[in-house]
Amino acid sequence: MTTLPDGRDLDTAVAAGKRAYALDREHVFHSWSAQATLNPMTILAAQGSYFWDGEGNRILDFSSQLVNTNIGHQHPKVTAAIAEQAARLATIAPQHVNESRSEAARLIAERTPGDLNKIFFTNGGADAVEHAVRMARLHTGRVKVLTRYRSYHGGTEQAINLTGDHRRWPNDRGAAGVVRFNGPFLYRSAFYSETEEQECERALAELRRVIELEGPATVAAVLLESIPGTAGIMIPPPGYLAGVRALCDEFGIMMIADEVMAGFGRAGRWFAIEHGDTEAGPVVPDLMTFAKGVNSGYVPLGGVAISPAIVETFGQRAYPGGLTYSGHPLATASAVAAITAMADEQIIENAAAIGEDVLGPGLREIAERHPSVGEVRGVGVFWALELVRDRATREPLAPYGGSSPAMNETVAACRKGGMLPIATYNRLHIVPPCTVTADEAREGLAILDAALTVADAHTV
């Protein structure tokens, strides 16, 4: 008899999964989807780097779901912490002190860059971004927020209008005060750059130009992902983040670093902004948002780390914002357990080593064999393959904001082989848990290698 990691008989679980699928299609309204065209995958169970689909197939999770299961599925220390917290104090209003929230805030503040020592907890990444922007506007008395094209900051009304990708378009009604600029992306440079140095210099010149033309005294914040995730895992060139910090300092603008996807080990550091540090010192934003990886999404949780100057603004003046579930005990208890496990088990170090020793070399080797791979880029367990029809022209294998039969067939080949990546337009994102082993990473690379022959068939 085959059993799942939770001890259930596989046949029984498959039958339960079929019922769940039927109920889902009858009653669940899915996000980002045309409801009548959906055929969602059923998940029966998960453990470590794997999950089991509705047919009982074990699949290597190279998506980390939505790039959030940084400590893998069903980490025993975190699931135990949730159960223990539920037995002790399942919920309490946010105006009261609770132990797990206090400890989670301490652990996060110990790891944030510089003096970001005050933590405002939210339910997730989108509302963290919304509150960071609200704080910046109230602190500066200014309205405009500059965000980059090819960015994603969340699905709520304000956050989606701060976003720079196509998902904003149908919701583009609340963009007052939002101005966008082009950030660095050498492979598809908006600045006709030929080197990383040129791309950095020209991207910073573009940001300065936008600030000056918009009026520096009108700009409250520059909001950007330390490493843009959904938009393509575009690693900023050396000096770029420090250059943004310097521009913000020059004009009295708040720098907001969005670490919702890239934080808590994903990029092989506690926070991805650490990759922007220079010999002059660390890059320290005024506000930093987080979610996803702080507790691997086991319970919804996000937050904002806040600089002392902004905290002081609300020392004698009430901050006009809050959430019923801010710092919810179950969520913050899971964060305490997750952060502690990351430190004790050297999970951050593992993510860095897997990226440097296995994923990076392996993906670059795969790229040499497959004409459909235009570029490989990434760090830690945060990688993207840019798939193209023609390496010379860099014509993408799917259009911006859409998909294609070629991409669908390639993803299907990955899944048939036993591995699930994330597909975004013409890219495959290779983002396993930070706990992935070298053998599991090599297993996924072998499946990807085979699947890319499907993409190669669509090249010229």
# chains A, B, ... in the order shown; residues from 1 in each chain; ligands from 1
call {"tool": "select_by_dssp", "arguments": {"residues": "segment 70-177 of chain A", "states": "helix (DSSP H, G or I)", "output": "number ranges by chain"}}
result
A: 76-88, 99-111, 125-140, 157-162, 166-171
call {"tool": "closest_atom_pairs", "arguments": {"of": "segment 169-222 of chain A", "to": "segment 249-265 of chain A", "cutoff": "9 Å", "atoms": "only C-alpha atoms", "output": "CSV"}}
result
residue,atom,partner,partner_atom,distance
A:Ile211,CA,A:Phe251,CA,8.5
A:Pro216,CA,A:Phe251,CA,6.0
A:Ala217,CA,A:Phe251,CA,7.6
A:Val219,CA,A:Ile253,CA,6.4
A:Ala220,CA,A:Ile253,CA,5.4
A:Ala221,CA,A:Met254,CA,4.4
A:Val222,CA,A:Met255,CA,5.1
call {"tool": "closest_atom_pairs", "arguments": {"of": "segment 53-129 of chain A", "to": "segment 344-350 of chain A", "cutoff": "12 Å", "atoms": "only C-alpha atoms", "output": "JSON lines"}}
result
{"residue": "A:Asn70", "atom": "CA", "partner": "A:Ile347", "partner_atom": "CA", "distance": 8.7}
{"residue": "A:Ile71", "atom": "CA", "partner": "A:Ile347", "partner_atom": "CA", "distance": 7.4}
{"residue": "A:Gly72", "atom": "CA", "partner": "A:Ile347", "partner_atom": "CA", "distance": 10.2}
{"residue": "A:His75", "atom": "CA", "partner": "A:Glu345", "partner_atom": "CA", "distance": 11.6}
{"residue": "A:Lys77", "atom": "CA", "partner": "A:Glu345", "partner_atom": "CA", "distance": 11.3}
call {"tool": "residues_around", "arguments": {"residues": "segment 138-144 of chain A", "least_positions_apart": "3", "cutoff": "12 Å", "atoms": "only C-alpha atoms", "output": "PyMOL selection string"}}
result
chain A and resi 131-135+147+162+175-180+210-211+214-223+251-255+286-287+306-315+317-321
call {"tool": "select_by_dssp", "arguments": {"residues": "segment 31-259 of chain A", "states": "strand (DSSP E)", "output": "CSV table (one decimal) with C-alpha atoms, in the first residue's frame"}}
result
chain,number,residue,atom,x,y,z
A,43,ILE,CA,-2.4,19.0,-4.4
A,44,LEU,CA,-2.8,16.1,-2.1
A,45,ALA,CA,0.3,16.5,0.1
A,46,ALA,CA,3.7,18.1,0.3
A,47,GLN,CA,7.0,17.4,2.0
A,50,TYR,CA,8.2,17.8,-3.3
A,51,PHE,CA,4.4,17.7,-3.6
A,52,TRP,CA,1.9,15.1,-4.7
A,53,ASP,CA,-0.6,16.0,-7.4
A,58,ARG,CA,5.4,13.1,-6.8
A,59,ILE,CA,6.6,16.4,-8.3
A,60,LEU,CA,9.7,18.3,-7.5
A,61,ASP,CA,8.6,21.8,-6.6
A,118,LYS,CA,10.7,48.8,14.2
A,119,ILE,CA,8.3,46.4,12.6
A,120,PHE,CA,4.7,47.0,11.5
A,121,PHE,CA,3.0,43.7,10.7
A,122,THR,CA,0.5,43.2,7.9
A,144,LYS,CA,4.4,61.0,-5.9
A,145,VAL,CA,5.9,57.5,-5.8
A,146,LEU,CA,8.4,56.4,-8.5
A,147,THR,CA,8.3,52.7,-9.4
A,148,ARG,CA,10.0,50.9,-12.2
A,178,VAL,CA,2.5,57.1,-9.5
A,179,VAL,CA,5.3,57.7,-12.0
A,180,ARG,CA,7.3,54.9,-13.6
A,181,PHE,CA,10.9,54.7,-14.8
A,219,VAL,CA,8.4,62.9,-4.8
A,220,ALA,CA,7.8,61.0,-1.6
A,221,ALA,CA,9.5,57.7,-2.4
A,222,VAL,CA,11.2,55.5,-4.9
A,223,LEU,CA,9.8,52.0,-4.6
A,224,LEU,CA,11.7,49.1,-6.1
A,225,GLU,CA,12.2,45.4,-5.6
A,254,MET,CA,12.3,57.9,0.9
A,255,MET,CA,13.8,54.7,-0.5
A,256,ILE,CA,11.4,51.7,-0.2
A,257,ALA,CA,12.9,48.3,-0.8
A,258,ASP,CA,10.4,45.6,-1.7
call {"tool": "residues_around", "arguments": {"residues": "segment 18-25 of chain A", "least_positions_apart": "3", "cutoff": "10 Å", "atoms": "only C-alpha atoms", "output": "JSON list (two decimals) with C-alpha atoms, in the first residue's frame"}}
result
[["chain", "number", "residue", "atom", "x", "y", "z"],
["A", 13, "ALA", "CA", -6.26, 10.65, -0.80],
["A", 14, "VAL", "CA", -6.72, 10.58, -4.59],
["A", 15, "ALA", "CA", -10.45, 9.99, -4.14],
["A", 28, "VAL", "CA", -14.06, 28.61, -5.88],
["A", 29, "PHE", "CA", -13.33, 31.80, -7.83],
["A", 30, "HIS", "CA", -9.64, 31.78, -8.81],
["A", 35, "GLN", "CA", -12.83, 30.97, -14.72],
["A", 36, "ALA", "CA", -14.32, 28.89, -17.54],
["A", 38, "LEU", "CA", -9.33, 26.64, -15.77],
["A", 39, "ASN", "CA", -8.08, 23.14, -15.07],
["A", 40, "PRO", "CA", -6.21, 23.69, -11.79],
["A", 41, "MET", "CA", -3.84, 21.12, -10.35],
["A", 42, "THR", "CA", -4.98, 19.36, -7.19],
["A", 43, "ILE", "CA", -2.37, 19.02, -4.44],
["A", 44, "LEU", "CA", -2.79, 16.10, -2.07],
["A", 54, "GLY", "CA", -4.21, 14.81, -7.66],
["A", 55, "GLU", "CA", -3.20, 11.62, -9.45]]
call {"tool": "closest_atom_pairs", "arguments": {"of": "segment 307-414 of chain A", "to": "segment 85-98 of chain A", "cutoff": "12 Å", "atoms": "only C-alpha atoms", "output": "Markdown table"}}
result
| residue | atom | partner | partner_atom | distance |
| --- | --- | --- | --- | --- |
| A:Gly322 | CA | A:Pro94 | CA | 8.6 |
| A:Leu323 | CA | A:Pro94 | CA | 7.7 |
| A:Thr324 | CA | A:Pro94 | CA | 6.5 |
| A:Tyr325 | CA | A:Pro94 | CA | 6.5 |
| A:Ser326 | CA | A:Pro94 | CA | 5.6 |
| A:Gly327 | CA | A:Pro94 | CA | 6.5 |
| A:His328 | CA | A:Thr91 | CA | 6.3 |
| A:Pro329 | CA | A:Thr91 | CA | 5.8 |
| A:Leu330 | CA | A:Gln85 | CA | 6.0 |
| A:Ala331 | CA | A:Gln85 | CA | 9.4 |
| A:Thr332 | CA | A:Gln85 | CA | 9.5 |
| A:Ala333 | CA | A:Gln85 | CA | 6.6 |
| A:Ser334 | CA | A:Gln85 | CA | 8.7 |
| A:Ala335 | CA | A:Gln85 | CA | 11.7 |
| A:Val336 | CA | A:Gln85 | CA | 11.1 |
| A:Ala337 | CA | A:Gln85 | CA | 10.9 |
call {"tool": "write_last_selection", "arguments": {"atoms": "C-alpha atoms", "output": "PDB file, in the first residue's frame"}}
result
ATOM      1  CA  GLY A 322      -3.976  49.205  10.998  1.00  0.00           C
ATOM      2  CA  LEU A 323      -5.272  45.701  10.452  1.00  0.00           C
ATOM      3  CA  THR A 324      -7.362  43.382  12.601  1.00  0.00           C
ATOM      4  CA  TYR A 325      -4.810  40.605  12.139  1.00  0.00           C
ATOM      5  CA  SER A 326      -1.628  42.677  12.434  1.00  0.00           C
ATOM      6  CA  GLY A 327       0.926  40.440  14.103  1.00  0.00           C
ATOM      7  CA  HIS A 328      -1.527  37.553  14.448  1.00  0.00           C
ATOM      8  CA  PRO A 329      -0.142  35.061  17.004  1.00  0.00           C
ATOM      9  CA  LEU A 330      -0.332  32.029  14.695  1.00  0.00           C
ATOM     10  CA  ALA A 331       1.448  33.901  11.918  1.00  0.00           C
ATOM     11  CA  THR A 332       4.179  35.409  14.070  1.00  0.00           C
ATOM     12  CA  ALA A 333       4.748  32.136  15.942  1.00  0.00           C
ATOM     13  CA  SER A 334       5.374  30.488  12.585  1.00  0.00           C
ATOM     14  CA  ALA A 335       7.786  33.305  11.698  1.00  0.00           C
ATOM     15  CA  VAL A 336       9.718  32.823  14.939  1.00  0.00           C
ATOM     16  CA  ALA A 337      10.053  29.102  14.214  1.00  0.00           C
TER      17      ALA A 337
END
call {"tool": "atom_distance", "arguments": {"atom1": "atom CA of Tyr400 of chain A", "atom2": "atom CA of Tyr152 of chain A"}}
result
14.3 Å
call {"tool": "closest_residue", "arguments": {"among": "A:Gly380, A:Pro237, A:Pro432, A:Gly7", "to": "Gly48 of chain A", "atoms": "only C-alpha atoms"}}
result
A:Pro432
call {"tool": "closest_atom_pairs", "arguments": {"of": "segment 106-184 of chain A", "to": "segment 267-276 of chain A", "cutoff": "10 Å", "atoms": "only C-alpha atoms", "output": "Markdown table"}}
result
| residue | atom | partner | partner_atom | distance |
| --- | --- | --- | --- | --- |
| A:Ile108 | CA | A:Trp270 | CA | 9.7 |
| A:Arg111 | CA | A:Trp270 | CA | 6.9 |
| A:Thr112 | CA | A:Phe271 | CA | 7.4 |
| A:Pro113 | CA | A:Glu274 | CA | 7.8 |
call {"tool": "closest_residue", "arguments": {"among": "A:Asn408, A:Thr453, A:Thr230, A:Ser100", "to": "Glu84 of chain A", "atoms": "only C-alpha atoms"}}
result
A:Ser100
call {"tool": "closest_residue", "arguments": {"among": "A:Ile447, A:Ala353, A:Ala412, A:Ala305", "to": "Thr435 of chain A", "atoms": "only C-alpha atoms"}}
result
A:Ala353
call {"tool": "atom_distance", "arguments": {"atom1": "atom CA of Arg8 of chain A", "atom2": "atom CA of Ile422 of chain A"}}
result
28.3 Å
call {"tool": "atom_distance", "arguments": {"atom1": "atom CA of Ala352 of chain A", "atom2": "atom CA of Ala242 of chain A"}}
result
21.9 Å
call {"tool": "closest_residue", "arguments": {"among": "A:Asp9, A:Val431, A:Val373, A:Arg415", "to": "Arg266 of chain A", "atoms": "only C-alpha atoms"}}
result
A:Val431
call {"tool": "residues_around", "arguments": {"residues": "Leu10 of chain A", "least_positions_apart": "6", "cutoff": "9 Å", "atoms": "only C-alpha atoms", "output": "list in words"}}
result
Met1, Thr2, Thr3, Leu4, Leu44 and Gly56 of chain A
